[in-house]
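What follows is data_16.csv (CSV, C-alpha atoms and all ligand atoms).
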chain,number,residue,atom,x,y,z
F,1,MET,CA,-42.2,14.8,30.9
F,2,THR,CA,-45.9,14.3,31.1
F,3,ASP,CA,-47.7,11.1,30.3
F,4,ALA,CA,-50.0,10.6,27.3
F,5,LEU,CA,-51.1,7.2,28.5
F,6,ILE,CA,-51.2,5.6,32.0
F,7,VAL,CA,-52.4,2.0,32.2
F,8,LYS,CA,-52.8,0.4,35.7
F,9,ASP,CA,-53.5,-3.3,36.4
F,10,MET,CA,-55.6,-3.6,33.3
F,11,ALA,CA,-57.1,-7.1,32.7
F,12,LYS,CA,-59.5,-8.9,30.4
F,13,ARG,CA,-60.7,-12.4,30.4
F,14,PHE,CA,-62.7,-14.3,27.7
F,15,GLU,CA,-64.4,-17.3,29.2
F,16,LYS,CA,-61.4,-19.5,30.2
F,17,ILE,CA,-58.7,-17.3,28.7
F,18,ASP,CA,-56.9,-14.5,30.5
F,19,ALA,CA,-56.2,-12.5,27.3
F,20,VAL,CA,-54.6,-9.7,29.4
F,21,SER,CA,-53.6,-10.3,33.0
F,22,GLY,CA,-53.2,-7.1,34.9
F,23,ILE,CA,-50.7,-5.0,32.8
F,24,SER,CA,-49.3,-1.6,33.9
F,25,PHE,CA,-47.3,0.8,31.9
F,26,ARG,CA,-47.0,4.5,30.9
F,27,VAL,CA,-46.3,6.2,27.5
F,28,GLN,CA,-44.8,9.7,27.7
F,29,LYS,CA,-45.9,12.5,25.4
F,30,GLY,CA,-43.8,12.5,22.3
F,31,GLU,CA,-42.7,8.8,22.7
F,32,LEU,CA,-42.8,6.2,19.9
F,33,PHE,CA,-43.6,3.2,22.1
F,34,GLY,CA,-43.5,-0.3,20.7
F,35,PHE,CA,-45.7,-3.2,21.9
F,36,LEU,CA,-44.3,-6.6,20.8
F,37,GLY,CA,-45.4,-10.1,21.4
F,38,PRO,CA,-46.1,-13.4,19.6
F,39,ASN,CA,-49.5,-14.4,18.2
F,40,GLY,CA,-52.2,-14.5,20.8
F,41,ALA,CA,-50.1,-12.6,23.4
F,42,GLY,CA,-52.9,-10.1,24.0
F,43,LYS,CA,-51.9,-7.1,21.8
F,44,THR,CA,-55.2,-6.6,20.0
F,45,THR,CA,-57.2,-7.0,23.2
F,46,THR,CA,-54.9,-4.4,24.8
F,47,ILE,CA,-55.3,-2.0,21.9
F,48,ASN,CA,-59.1,-2.5,21.9
F,49,MET,CA,-59.3,-1.6,25.6
F,50,LEU,CA,-57.0,1.5,25.2
F,51,THR,CA,-59.0,2.8,22.2
F,52,GLY,CA,-62.4,2.4,23.8
F,53,LEU,CA,-63.5,-0.6,21.6
F,54,ALA,CA,-63.6,-2.9,24.6
F,55,ARG,CA,-64.0,-2.4,28.3
F,56,PRO,CA,-61.4,-3.8,30.7
F,57,ASP,CA,-62.7,-6.2,33.4
F,58,THR,CA,-60.4,-4.5,35.9
F,59,GLY,CA,-57.8,-1.7,36.0
F,60,THR,CA,-57.7,1.9,34.8
F,61,VAL,CA,-56.7,3.7,31.6
F,62,ARG,CA,-55.9,7.4,31.6
F,63,ILE,CA,-55.3,9.2,28.4
F,64,GLY,CA,-54.0,12.8,28.4
F,65,GLY,CA,-54.9,13.0,32.1
F,66,ILE,CA,-58.5,11.9,31.6
F,67,ASP,CA,-59.8,8.7,33.1
F,68,CYS,CA,-61.3,6.7,30.3
F,69,THR,CA,-61.9,3.5,32.2
F,70,ASP,CA,-65.7,3.9,32.5
F,71,ASN,CA,-66.0,6.2,29.5
F,72,PRO,CA,-64.9,4.5,26.3
F,73,ARG,CA,-66.4,7.4,24.3
F,74,ALA,CA,-64.0,9.8,25.9
F,75,ALA,CA,-61.1,7.5,24.8
F,76,GLN,CA,-62.4,7.6,21.2
F,77,HIS,CA,-61.9,11.3,21.0
F,78,LEU,CA,-58.5,11.2,22.6
F,79,VAL,CA,-56.9,8.5,20.5
F,80,GLY,CA,-56.2,8.1,16.8
F,81,VAL,CA,-56.6,4.6,15.5
F,82,VAL,CA,-55.5,3.1,12.2
F,83,PRO,CA,-57.3,-0.2,11.7
F,84,ASP,CA,-56.0,-3.1,9.6
F,85,GLU,CA,-58.9,-2.7,7.2
F,86,SER,CA,-59.3,0.9,6.3
F,87,ASN,CA,-62.6,2.5,7.4
F,88,LEU,CA,-62.5,5.2,4.7
F,89,TYR,CA,-65.0,5.5,1.8
F,90,ALA,CA,-64.0,4.1,-1.6
F,91,GLU,CA,-66.4,6.5,-3.4
F,92,LEU,CA,-65.1,9.7,-1.7
F,93,THR,CA,-61.9,11.4,-2.8
F,94,GLY,CA,-58.9,11.5,-0.4
F,95,PHE,CA,-59.6,15.1,0.4
F,96,ASP,CA,-63.3,14.5,1.1
F,97,ASN,CA,-62.6,11.4,3.2
F,98,LEU,CA,-60.3,13.5,5.5
F,99,CYS,CA,-62.9,16.4,5.7
F,100,PHE,CA,-65.6,13.8,6.5
F,101,CYS,CA,-63.5,12.3,9.3
F,102,ALA,CA,-62.8,15.8,10.7
F,103,ALA,CA,-66.5,16.6,10.6
F,104,LEU,CA,-67.2,13.5,12.7
F,105,TYR,CA,-65.1,15.1,15.4
F,106,GLY,CA,-67.0,18.4,15.2
F,107,ILE,CA,-64.2,20.4,13.5
F,108,GLY,CA,-65.6,23.4,11.5
F,109,LYS,CA,-65.5,23.6,7.7
F,110,ALA,CA,-62.6,26.0,7.2
F,111,GLU,CA,-60.4,24.3,9.8
F,112,ARG,CA,-61.1,20.8,8.4
F,113,GLN,CA,-60.2,21.8,4.9
F,114,THR,CA,-57.0,23.4,6.1
F,115,ARG,CA,-56.1,20.3,8.1
F,116,ALA,CA,-57.0,18.0,5.2
F,117,ARG,CA,-54.7,19.9,2.8
F,118,THR,CA,-51.8,20.0,5.3
F,119,LEU,CA,-52.0,16.3,6.0
F,120,LEU,CA,-52.3,15.4,2.3
F,121,GLU,CA,-49.1,17.5,1.8
F,122,THR,CA,-47.3,15.9,4.7
F,123,PHE,CA,-48.2,12.4,3.4
F,124,GLY,CA,-47.2,13.1,-0.2
F,125,LEU,CA,-50.8,12.7,-1.4
F,126,THR,CA,-51.5,16.2,-2.7
F,127,GLU,CA,-51.7,15.0,-6.3
F,128,ALA,CA,-54.1,12.2,-5.4
F,129,ALA,CA,-56.3,14.5,-3.3
F,130,GLY,CA,-59.1,14.6,-5.9
F,131,ARG,CA,-59.0,10.9,-6.7
F,132,LYS,CA,-61.4,8.4,-5.3
F,133,PHE,CA,-60.0,6.5,-2.3
F,134,GLY,CA,-61.0,3.2,-4.0
F,135,LYS,CA,-58.6,3.8,-6.8
F,136,TYR,CA,-55.6,4.4,-4.4
F,137,SER,CA,-52.8,1.8,-4.2
F,138,LYS,CA,-52.4,-0.2,-0.9
F,139,GLY,CA,-49.6,2.0,0.3
F,140,MET,CA,-51.5,5.2,-0.5
F,141,LYS,CA,-54.6,3.8,1.3
F,142,ARG,CA,-52.5,3.1,4.4
F,143,LYS,CA,-51.1,6.6,4.3
F,144,LEU,CA,-54.5,8.3,4.0
F,145,THR,CA,-55.9,6.0,6.8
F,146,ILE,CA,-53.0,7.2,9.0
F,147,ALA,CA,-53.8,10.8,8.0
F,148,ALA,CA,-57.4,10.3,9.0
F,149,GLY,CA,-56.3,8.8,12.3
F,150,ILE,CA,-54.6,12.1,13.3
F,151,ILE,CA,-57.0,14.7,11.7
F,152,HIS,CA,-58.4,15.4,15.2
F,153,GLN,CA,-54.9,15.8,16.7
F,154,PRO,CA,-55.2,13.0,19.2
F,155,GLU,CA,-53.2,12.6,22.4
F,156,ILE,CA,-51.8,9.3,21.1
F,157,LEU,CA,-51.9,7.5,17.7
F,158,PHE,CA,-52.3,3.7,17.7
F,159,LEU,CA,-50.7,2.0,14.7
F,160,ASP,CA,-51.4,-1.7,14.6
F,161,GLU,CA,-49.1,-3.5,12.1
F,162,PRO,CA,-48.9,-0.4,9.8
F,163,THR,CA,-46.6,-2.0,7.2
F,164,THR,CA,-48.1,-5.4,7.0
F,165,GLY,CA,-49.6,-6.3,3.6
F,166,ILE,CA,-47.9,-3.5,1.6
F,167,ASP,CA,-45.0,-3.6,-0.9
F,168,VAL,CA,-41.4,-3.1,0.3
F,169,ALA,CA,-41.0,0.4,-1.2
F,170,SER,CA,-44.2,1.7,0.3
F,171,ALA,CA,-43.4,0.1,3.6
F,172,ARG,CA,-40.1,2.0,3.7
F,173,GLN,CA,-41.8,5.3,2.9
F,174,LEU,CA,-44.3,4.6,5.6
F,175,ARG,CA,-41.6,3.9,8.2
F,176,GLN,CA,-40.0,7.3,7.2
F,177,LEU,CA,-43.4,8.9,7.6
F,178,ILE,CA,-44.0,7.4,11.0
F,179,ALA,CA,-40.5,8.5,12.2
F,180,ASP,CA,-41.2,12.1,10.9
F,181,LEU,CA,-44.6,12.2,12.5
F,182,ASN,CA,-43.1,11.3,15.8
F,183,ARG,CA,-40.2,13.7,15.4
F,184,ASN,CA,-42.8,16.4,14.9
F,185,GLY,CA,-44.4,15.6,18.2
F,186,THR,CA,-47.0,12.9,17.6
F,187,THR,CA,-47.1,10.3,20.4
F,188,ILE,CA,-47.3,6.8,18.8
F,189,PHE,CA,-48.1,3.4,20.1
F,190,LEU,CA,-46.9,0.9,17.6
F,191,THR,CA,-47.4,-2.9,17.2
F,192,THR,CA,-45.5,-4.7,14.6
F,193,HIS,CA,-44.2,-8.2,14.0
F,194,TYR,CA,-41.2,-6.8,12.1
F,195,ILE,CA,-38.7,-6.7,15.0
F,196,GLU,CA,-36.2,-4.8,12.9
F,197,GLU,CA,-38.9,-2.1,12.3
F,198,ALA,CA,-39.5,-1.8,16.0
F,199,GLU,CA,-35.8,-1.6,16.6
F,200,ARG,CA,-35.4,1.2,14.0
F,201,LEU,CA,-38.4,3.2,15.0
F,202,CYS,CA,-39.2,2.8,18.7
F,203,GLY,CA,-37.6,4.5,21.7
F,204,ARG,CA,-39.1,2.1,24.2
F,205,ILE,CA,-40.6,-1.3,23.9
F,206,ALA,CA,-42.9,-3.5,26.0
F,207,PHE,CA,-42.8,-7.2,25.4
F,208,ILE,CA,-46.1,-9.0,26.1
F,209,VAL,CA,-46.3,-12.8,26.4
F,210,SER,CA,-49.5,-14.7,27.4
F,211,GLY,CA,-51.2,-11.5,28.6
F,212,ARG,CA,-48.3,-10.2,30.8
F,213,ILE,CA,-45.7,-7.6,30.2
F,214,VAL,CA,-42.5,-9.5,30.7
F,215,ARG,CA,-40.0,-6.7,29.9
F,216,ILE,CA,-40.3,-3.0,29.2
F,217,ASP,CA,-37.2,-0.8,28.4
F,218,THR,CA,-35.5,1.5,26.0
F,219,VAL,CA,-34.2,-0.2,22.8
F,220,GLU,CA,-30.7,0.9,23.9
F,221,ASN,CA,-31.0,-0.9,27.3
F,222,LEU,CA,-32.6,-4.0,25.7
F,223,LEU,CA,-29.6,-4.3,23.4
F,224,GLN,CA,-27.0,-3.6,26.0
F,225,PRO,CA,-26.4,-7.3,27.1
F,226,LEU,CA,-25.7,-8.1,23.5
F,227,GLN,CA,-23.2,-5.4,22.8
F,228,GLU,CA,-20.2,-7.5,23.7
F,229,LYS,CA,-21.6,-10.6,22.0
F,230,HIS,CA,-20.4,-12.0,18.7
F,231,VAL,CA,-23.1,-13.7,16.6
F,232,VAL,CA,-22.7,-15.9,13.6
F,233,ARG,CA,-25.6,-17.4,11.6
F,234,ILE,CA,-24.9,-20.6,9.6
F,235,THR,CA,-27.3,-21.8,7.0
F,236,CYS,CA,-27.1,-25.4,5.6
F,237,ALA,CA,-28.8,-27.2,2.8
F,238,ASN,CA,-29.7,-30.1,5.0
F,239,PRO,CA,-31.2,-30.2,8.5
F,240,LEU,CA,-29.0,-29.3,11.5
F,241,THR,CA,-31.4,-30.4,14.2
F,242,HIS,CA,-29.5,-33.5,15.2
F,243,ARG,CA,-26.1,-31.7,15.1
F,244,ARG,CA,-26.7,-29.2,17.9
F,245,GLN,CA,-25.7,-31.6,20.7
F,246,ILE,CA,-22.3,-32.4,19.1
F,247,LEU,CA,-21.6,-28.8,18.4
F,248,SER,CA,-22.3,-27.8,22.0
F,249,GLU,CA,-20.1,-30.6,23.2
F,250,THR,CA,-17.2,-29.8,20.8
F,251,PHE,CA,-17.4,-26.0,21.3
F,252,PRO,CA,-18.5,-25.6,25.0
F,253,ASP,CA,-17.8,-21.8,25.0
F,254,LEU,CA,-20.3,-21.2,22.2
F,255,LYS,CA,-24.1,-21.0,22.5
F,256,PHE,CA,-26.0,-22.7,19.6
F,257,THR,CA,-29.6,-21.9,18.9
F,258,LEU,CA,-31.5,-23.5,16.1
F,259,SER,CA,-33.7,-21.2,13.9
F,260,GLY,CA,-35.8,-23.5,11.8
F,261,GLN,CA,-34.3,-26.8,10.8
F,262,ASP,CA,-31.4,-25.6,8.7
F,263,VAL,CA,-30.2,-22.4,10.3
F,264,ILE,CA,-28.1,-22.3,13.5
F,265,GLN,CA,-27.2,-19.2,15.4
F,266,VAL,CA,-23.9,-19.1,17.3
F,267,GLU,CA,-23.3,-16.7,20.2
F,268,SER,CA,-20.0,-16.1,21.9
F,269,ASP,CA,-18.4,-13.6,24.3
F,270,GLY,CA,-15.2,-13.9,22.2
F,271,ILE,CA,-14.5,-14.0,18.4
F,272,VAL,CA,-16.2,-16.9,16.7
F,273,ARG,CA,-13.7,-18.8,14.5
F,274,VAL,CA,-16.1,-19.3,11.6
F,275,GLY,CA,-13.7,-21.3,9.4
F,276,THR,CA,-13.2,-23.9,12.2
F,277,LEU,CA,-17.0,-24.2,12.7
F,278,VAL,CA,-17.8,-24.6,9.0
F,279,ARG,CA,-15.0,-27.2,8.5
F,280,PHE,CA,-16.4,-29.2,11.5
F,281,LEU,CA,-19.9,-29.1,10.2
F,282,GLU,CA,-18.8,-30.2,6.8
F,283,ASP,CA,-16.8,-33.1,8.3
F,284,GLN,CA,-20.0,-34.0,10.0
F,285,GLY,CA,-21.8,-34.2,6.6
F,286,ALA,CA,-23.5,-30.8,6.7
F,287,GLU,CA,-23.7,-28.9,3.4
F,288,VAL,CA,-23.0,-25.3,4.5
F,289,LEU,CA,-24.5,-22.7,2.3
F,290,GLU,CA,-23.6,-19.5,4.2
F,291,ALA,CA,-21.9,-18.4,7.4
F,292,ARG,CA,-22.5,-14.8,8.2
F,293,ARG,CA,-21.4,-12.6,11.1
F,294,MET,CA,-24.5,-10.8,12.4
F,295,ARG,CA,-24.9,-7.5,14.2
F,296,PRO,CA,-26.6,-8.3,17.5
F,297,SER,CA,-30.2,-7.2,17.1
F,298,LEU,CA,-33.4,-6.8,19.0
F,299,GLU,CA,-34.5,-10.1,17.3
F,300,ASN,CA,-32.0,-12.0,19.5
F,301,ILE,CA,-33.6,-10.3,22.6
F,302,PHE,CA,-37.1,-11.1,21.3
F,303,VAL,CA,-36.2,-14.8,20.9
F,304,ARG,CA,-34.7,-14.9,24.4
F,305,ILE,CA,-37.7,-13.2,26.0
F,306,THR,CA,-40.5,-14.9,24.2
F,307,GLY,CA,-38.9,-18.2,23.3
F,308,ILE,CA,-40.4,-17.6,19.8
F,309,GLU,CA,-38.5,-17.4,16.6
F,310,ALA,CA,-39.1,-14.0,15.0
F,311,GLU,CA,-38.9,-15.5,11.6
F,312,ALA,CA,-41.7,-18.0,12.5
F,313,MET,CA,-43.8,-15.2,13.8
F,314,ARG,CA,-43.3,-13.2,10.6
F,315,ARG,CA,-44.3,-16.1,8.4
F,316,GLU,CA,-47.4,-16.8,10.5
F,317,LYS,CA,-48.4,-13.1,10.3
F,318,GLU,CA,-47.9,-12.8,6.6
F,319,LYS,CA,-50.1,-15.9,6.0
F,320,LYS,CA,-52.8,-13.9,7.8
F,321,GLY,CA,-52.0,-10.4,6.5
F,322,GLY,CA,-50.7,-10.8,3.0
F,323,GLU,CA,-47.3,-10.0,1.6
F,324,PRO,CA,-45.0,-7.5,3.5
N,401,LIG,N1,-63.5,-12.3,21.5
N,401,LIG,C1,-62.7,-13.2,22.0
N,401,LIG,N2,-63.3,-14.3,22.5
N,401,LIG,C2,-62.5,-15.3,23.1
N,401,LIG,N3,-61.2,-15.3,23.1
N,401,LIG,C3,-60.6,-14.2,22.6
N,401,LIG,C4,-61.3,-13.1,22.0
N,401,LIG,N4,-60.4,-12.2,21.6
N,401,LIG,C5,-59.2,-12.7,21.9
N,401,LIG,N5,-59.3,-13.9,22.5
N,401,LIG,C6,-58.1,-14.7,23.0
N,401,LIG,O1,-57.3,-13.9,23.8
N,401,LIG,C7,-55.9,-14.1,23.6
N,401,LIG,C8,-55.3,-12.9,23.1
N,401,LIG,O2,-55.7,-12.5,21.8
N,401,LIG,P1,-55.3,-11.2,21.0
N,401,LIG,O3,-56.0,-11.2,19.8
N,401,LIG,O4,-55.4,-10.0,21.9
N,401,LIG,O5,-53.7,-11.5,20.8
N,401,LIG,P2,-52.7,-10.8,19.8
N,401,LIG,O6,-51.4,-10.6,20.6
N,401,LIG,O7,-53.3,-9.6,19.2
N,401,LIG,O8,-52.5,-11.9,18.6
N,401,LIG,P3,-52.1,-11.7,17.1
N,401,LIG,O9,-50.7,-11.2,17.0
N,401,LIG,O10,-52.2,-13.1,16.6
N,401,LIG,O11,-53.1,-10.8,16.5
N,401,LIG,C9,-55.9,-15.3,22.6
N,401,LIG,O12,-55.7,-16.5,23.3
N,401,LIG,C10,-57.2,-15.2,21.8
N,401,LIG,O13,-57.6,-16.5,21.3
Would you mind writing the structure in this file as structure tokens?
Amino acid sequence: MTDALIVKDMAKRFEKIDAVSGISFRVQKGELFGFLGPNGAGKTTTINMLTGLARPDTGTVRIGGIDCTDNPRAAQHLVGVVPDESNLYAELTGFDNLCFCAALYGIGKAERQTRARTLLETFGLTEAAGRKFGKYSKGMKRKLTIAAGIIHQPEILFLDEPTTGIDVASARQLRQLIADLNRNGTTIFLTTHYIEEAERLCGRIAFIVSGRIVRIDTVENLLQPLQEKHVVRITCANPLTHRRQILSETFPDLKFTLSGQDVIQVESDGIVRVGTLVRFLEDQGAEVLEARRMRPSLENIFVRITGIEAEAMRREKEKKGGEP
């Protein structure tokens, strides 16, 4: 397999902050590669350097075999970027926006019209092709922005939080579309704070924490240590914080992790006797609302690796980016 992207010892410092501290990784052609990390981990700084918007202090970036380190303009032609805020024109139609983007890359008139039509078809936007972009729904806007990001057939497409801020149904459609694009050969670099989205879509994931890549592996390998685990999530109406100690002492074979104040996650190598646990908690004065056996997920791994609650990260992001 050939590499679409090779990053070596790339670093960036802002005054006193090492935003990215010498990271190295490769993305193969055809991969859907996930880049996950908590707030402030260095994801945006990394993407900016990979897409030619910022220059690394040290290290090298090769895209499609071309060294882009000292030539950010070269990078801009080799990558497709879908920014948070769409850069398309509200007054132009969907079709004209795509043709305009293609023209910026020097694509001839006949070819850009063909590509625009094909992409509108692929993204289910043919009927909206003649409508002004400003009148599109949020989900349609995001789709057209992705279409514009691949009109020049880039080596790699960067999707930064593609489903943040759009409604649930459109987000589901977008995920399907991203999976289809990848299945049809587009190499994708995806950041998302929806861990489940990453688990569902990505083949391989890098975890970045405080500017360093702390783990990089296939989703299958990341999940492997959890395959034998049994996980139960117990939700209470009152805080559980002060009960963790007694739970650990009474059930030494079980591992208890608090998730917020009123949810506790129980992990075990053997079957968890949920009834016994619930009765014990109730005897202790807890008001148990729900006890649910969970399928071990990438979220458990994320919490282990980053020490950050995925739920807390989701809430934080949605405050910034709007509803999911
Ligand atoms: N232009 C800048 N000047 C100074 N510090 C910066 C600048 N850009 C980023 N940083 C700092 O660098 C670190 C990494 O920031 P970055 O935006 O890359 O993180 P992130 O992983 O994208 O976070 P989020 O998920 O919240 O968007 C943070 O500590 C941030 O405050």
At most 9 Å from ligand LIG 401 (chain N) (only C-alpha atoms and all ligand atoms): residue list as a ChimeraX atom specification: /F:12-20,36-48,191-193,208-211,313,316-317,320
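One distance worth recording is that between atom CA of F:His242 and atom CA of F:Gln284, which is 10.8 Å.
Across the structure, atom CA of F:Val82 and atom CA of F:Phe158 are spaced 6.4 Å apart.
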Among the residues F:Leu159, F:Ile23, F:Leu144, F:Ile234, the one that comes closest to F:Asp84 [using all atoms listed in the file]: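 Ranked by minimum distance to F:Asp84, first place goes to F:Leu159.
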Exercise: F:Gly124 partners within 12 Å, all atoms listed in the file, chain neighbours under 6 positions left out, as a list in words: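 Residues near the query, excluding close chain neighbours: Gly94, Arg117, Thr118, Gly139, Met140, Lys141, Lys143, Leu144, Ala147, Ser170, Gln173, Leu174, Gln176 and Leu177 of chain F.
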Using all atoms listed in the file: which of F:Thr235, F:Gln265, F:Ser259, F:Ser21 has the shortest distance to F:Thr58: F:Ser21
Residue among F:His152, F:Thr126, F:Val79, F:Ser86 lying closest to F:Cys101, counting only C-alpha atoms: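 Selected residue with least distance to F:Cys101: F:His152.
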Selected residue of minimal separation from F:Thr187 among F:Leu277, F:Ala291, F:Ile246, F:Leu32, counting only C-alpha atoms: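 Looking at the shortest contact to F:Thr187, the residue is F:Leu32.
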For atom CA of F:Val61 and atom CA of F:Ala103, the interatomic separation in Å (one decimal):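 A separation of 26.5 Å between them.
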Could you add the missing atoms to stretch 224-248 of chain F, up to N, CA and C atoms, and return them as a PDB file, in the coordinates of the input?
ATOM      1  N   GLN F 224     -28.260  -3.716  25.289  1.00  0.00           N
ATOM      2  CA  GLN F 224     -27.000  -3.600  26.000  1.00  0.00           C
ATOM      3  C   GLN F 224     -26.320  -4.979  26.302  1.00  0.00           C
ATOM      4  N   PRO F 225     -27.070  -5.994  26.802  1.00  0.00           N
ATOM      5  CA  PRO F 225     -26.400  -7.300  27.100  1.00  0.00           C
ATOM      6  C   PRO F 225     -25.767  -7.931  25.886  1.00  0.00           C
ATOM      7  N   LEU F 226     -26.182  -7.488  24.703  1.00  0.00           N
ATOM      8  CA  LEU F 226     -25.700  -8.100  23.500  1.00  0.00           C
ATOM      9  C   LEU F 226     -24.481  -7.389  22.890  1.00  0.00           C
ATOM     10  N   GLN F 227     -24.187  -6.187  23.425  1.00  0.00           N
ATOM     11  CA  GLN F 227     -23.200  -5.400  22.800  1.00  0.00           C
ATOM     12  C   GLN F 227     -21.812  -6.082  22.685  1.00  0.00           C
ATOM     13  N   GLU F 228     -21.513  -6.872  23.706  1.00  0.00           N
ATOM     14  CA  GLU F 228     -20.200  -7.500  23.700  1.00  0.00           C
ATOM     15  C   GLU F 228     -20.256  -8.900  23.034  1.00  0.00           C
ATOM     16  N   LYS F 229     -21.427  -9.282  22.569  1.00  0.00           N
ATOM     17  CA  LYS F 229     -21.600 -10.600  22.000  1.00  0.00           C
ATOM     18  C   LYS F 229     -21.143 -10.652  20.512  1.00  0.00           C
ATOM     19  N   HIS F 230     -20.647 -11.793  20.102  1.00  0.00           N
ATOM     20  CA  HIS F 230     -20.400 -12.000  18.700  1.00  0.00           C
ATOM     21  C   HIS F 230     -21.380 -13.064  18.220  1.00  0.00           C
ATOM     22  N   VAL F 231     -22.029 -12.769  17.110  1.00  0.00           N
ATOM     23  CA  VAL F 231     -23.100 -13.700  16.600  1.00  0.00           C
ATOM     24  C   VAL F 231     -22.798 -14.072  15.193  1.00  0.00           C
ATOM     25  N   VAL F 232     -22.896 -15.378  14.922  1.00  0.00           N
ATOM     26  CA  VAL F 232     -22.700 -15.900  13.600  1.00  0.00           C
ATOM     27  C   VAL F 232     -23.914 -16.740  13.217  1.00  0.00           C
ATOM     28  N   ARG F 233     -24.401 -16.603  12.001  1.00  0.00           N
ATOM     29  CA  ARG F 233     -25.600 -17.400  11.600  1.00  0.00           C
ATOM     30  C   ARG F 233     -25.115 -18.317  10.448  1.00  0.00           C
ATOM     31  N   ILE F 234     -25.309 -19.614  10.630  1.00  0.00           N
ATOM     32  CA  ILE F 234     -24.900 -20.600   9.600  1.00  0.00           C
ATOM     33  C   ILE F 234     -26.107 -21.253   9.008  1.00  0.00           C
ATOM     34  N   THR F 235     -26.168 -21.204   7.679  1.00  0.00           N
ATOM     35  CA  THR F 235     -27.300 -21.800   7.000  1.00  0.00           C
ATOM     36  C   THR F 235     -26.810 -23.037   6.205  1.00  0.00           C
ATOM     37  N   CYS F 236     -27.527 -24.140   6.322  1.00  0.00           N
ATOM     38  CA  CYS F 236     -27.100 -25.400   5.600  1.00  0.00           C
ATOM     39  C   CYS F 236     -28.233 -25.832   4.670  1.00  0.00           C
ATOM     40  N   ALA F 237     -27.831 -26.668   3.714  1.00  0.00           N
ATOM     41  CA  ALA F 237     -28.800 -27.200   2.800  1.00  0.00           C
ATOM     42  C   ALA F 237     -29.569 -28.365   3.351  1.00  0.00           C
ATOM     43  N   ASN F 238     -29.000 -28.967   4.399  1.00  0.00           N
ATOM     44  CA  ASN F 238     -29.700 -30.100   5.000  1.00  0.00           C
ATOM     45  C   ASN F 238     -29.933 -29.827   6.508  1.00  0.00           C
ATOM     46  N   PRO F 239     -30.849 -30.548   7.137  1.00  0.00           N
ATOM     47  CA  PRO F 239     -31.200 -30.200   8.500  1.00  0.00           C
ATOM     48  C   PRO F 239     -30.072 -30.299   9.511  1.00  0.00           C
ATOM     49  N   LEU F 240     -30.088 -29.372  10.479  1.00  0.00           N
ATOM     50  CA  LEU F 240     -29.000 -29.300  11.500  1.00  0.00           C
ATOM     51  C   LEU F 240     -29.491 -29.774  12.850  1.00  0.00           C
ATOM     52  N   THR F 241     -30.769 -30.095  12.919  1.00  0.00           N
ATOM     53  CA  THR F 241     -31.400 -30.400  14.200  1.00  0.00           C
ATOM     54  C   THR F 241     -30.582 -31.343  15.071  1.00  0.00           C
ATOM     55  N   HIS F 242     -30.148 -32.451  14.457  1.00  0.00           N
ATOM     56  CA  HIS F 242     -29.500 -33.500  15.200  1.00  0.00           C
ATOM     57  C   HIS F 242     -27.986 -33.165  15.460  1.00  0.00           C
ATOM     58  N   ARG F 243     -27.485 -32.033  14.964  1.00  0.00           N
ATOM     59  CA  ARG F 243     -26.100 -31.700  15.100  1.00  0.00           C
ATOM     60  C   ARG F 243     -25.802 -30.755  16.287  1.00  0.00           C
ATOM     61  N   ARG F 244     -26.883 -30.206  16.859  1.00  0.00           N
ATOM     62  CA  ARG F 244     -26.700 -29.200  17.900  1.00  0.00           C
ATOM     63  C   ARG F 244     -25.929 -29.749  19.097  1.00  0.00           C
ATOM     64  N   GLN F 245     -26.301 -30.952  19.492  1.00  0.00           N
ATOM     65  CA  GLN F 245     -25.700 -31.600  20.700  1.00  0.00           C
ATOM     66  C   GLN F 245     -24.171 -31.707  20.493  1.00  0.00           C
ATOM     67  N   ILE F 246     -23.759 -32.235  19.344  1.00  0.00           N
ATOM     68  CA  ILE F 246     -22.300 -32.400  19.100  1.00  0.00           C
ATOM     69  C   ILE F 246     -21.589 -31.108  19.020  1.00  0.00           C
ATOM     70  N   LEU F 247     -22.259 -30.106  18.454  1.00  0.00           N
ATOM     71  CA  LEU F 247     -21.600 -28.800  18.400  1.00  0.00           C
ATOM     72  C   LEU F 247     -21.407 -28.222  19.773  1.00  0.00           C
ATOM     73  N   SER F 248     -22.421 -28.339  20.641  1.00  0.00           N
ATOM     74  CA  SER F 248     -22.300 -27.800  22.000  1.00  0.00           C
ATOM     75  C   SER F 248     -21.207 -28.554  22.769  1.00  0.00           C
TER      76      SER F 248
END
